[in-house]
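Notes follow once the structure below has been shown.
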Amino acid sequence: MVFEVVLRFTVGGPAVTGEWRNDETAVRKFRSLVGLYGDHATATITLTASGPERPRVLRTWTREHGETVFTA
């Protein structure tokens with residue numbers, strides 16, 4: 001399974017991405033990006049998991065809504 005963190009400053013704009021095979025590392029990176037860019041009004045940070053099945057969103061963060069954790 002591959003875990004991907006995506007940071008965007010505008011909807012549909014360029015993205016900063018990273019991929020990890022370890023979920024704990026990906027969550028740590030997700031949270032570090034929230035710490036670094038959490039004061040940016042339009043930033044969106046997303047953590048997804050991909051494997052044999054289609055990609056699944058695990059967490060998202062926006063300044064307006066904070067962190068949302070999705071369960072299976």
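Identifiers in the structure tokens: chain A, B, ... in order shown; residue index from 1 per chain; ligand index from 1 in order shown.
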request  = Within stretch 28-62 of chain A, find each residue whose DSSP state, derived from the backbone, is strand (DSSP E or B), and express the selection as a list of chain:residue names.
outcome  =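 Those in stretch 28-62 of chain A that DSSP calls strand (DSSP E or B) are A:Thr44, A:Ile45, A:Thr46, A:Leu47, A:Thr48, A:Ala49, A:Ser50, A:Arg56, A:Val57, A:Leu58, A:Arg59, A:Thr60, A:Trp61, A:Thr62.
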key: Contacts of A:Val69 at 10 Å (only C-alpha atoms; same-chain gap of 5+ positions) as a list of chain:residue names   =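 My reading of the contact set: A:Leu47, A:Val57, A:Leu58, A:Arg59, A:Thr60, A:Trp61.
Every protein or nucleic acid residue with an atom no more than 6 Å from A:Glu4, counting only C-alpha atoms and leaving out same-chain residues fewer than 5 positions away, appears here: A:Gly18, A:Glu19, A:Leu47, A:Thr48.
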inquiry  = When you look at A:Tyr37 with a cut-off of 10 Å (counting only C-alpha atoms), what residues show up, excluding the ones that are within fewer than 6 positions of it in the same chain? I need them as a PyMOL selection string.
reply    = chain A and resi 7+9+31+43-45+62-63
Take the residues just selected and output them with N, CA and C atoms as an mmCIF file, in the first residue's frame.
data_model
loop_
_atom_site.group_PDB
_atom_site.id
_atom_site.type_symbol
_atom_site.label_atom_id
_atom_site.label_comp_id
_atom_site.auth_asym_id
_atom_site.auth_seq_id
_atom_site.Cartn_x
_atom_site.Cartn_y
_atom_site.Cartn_z
ATOM 1 N N LEU A 7 -0.457 18.671 -0.794
ATOM 2 C CA LEU A 7 -0.689 20.033 -0.311
ATOM 3 C C LEU A 7 -0.971 20.909 -1.517
ATOM 4 N N PHE A 9 -2.406 25.006 -2.455
ATOM 5 C CA PHE A 9 -2.760 26.318 -1.930
ATOM 6 C C PHE A 9 -4.013 26.876 -2.588
ATOM 7 N N ARG A 31 0.634 15.851 9.341
ATOM 8 C CA ARG A 31 0.531 16.763 10.485
ATOM 9 C C ARG A 31 1.606 17.845 10.458
ATOM 10 N N ALA A 43 -5.180 26.758 1.936
ATOM 11 C CA ALA A 43 -4.445 25.497 1.833
ATOM 12 C C ALA A 43 -5.354 24.303 2.108
ATOM 13 N N THR A 44 -5.150 23.236 1.339
ATOM 14 C CA THR A 44 -5.834 21.963 1.544
ATOM 15 C C THR A 44 -4.772 20.877 1.583
ATOM 16 N N ILE A 45 -4.845 20.028 2.606
ATOM 17 C CA ILE A 45 -3.891 18.931 2.748
ATOM 18 C C ILE A 45 -4.697 17.639 2.798
ATOM 19 N N THR A 62 -8.393 21.569 6.164
ATOM 20 C CA THR A 62 -8.517 22.938 5.660
ATOM 21 C C THR A 62 -8.600 23.848 6.868
ATOM 22 N N ARG A 63 -8.249 25.091 6.679
ATOM 23 C CA ARG A 63 -8.313 26.040 7.794
ATOM 24 C C ARG A 63 -9.758 26.186 8.275
#
task = For each of A:Thr68, A:Leu36, A:Glu53, A:Phe3, take the minimum atom-to-atom distance to A:Asp23, counting only C-alpha atoms, then give the residue where this is smallest.
result =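 Comparing A:Thr68, A:Leu36, A:Glu53, A:Phe3 against A:Asp23, the winner is A:Phe3.
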task = Give me the residues within 6 Å of A:Val6 as a ChimeraX atom specification, counting only C-alpha atoms and dropping any in the same chain fewer than 5 places off.
result = /A:16-17,45-46
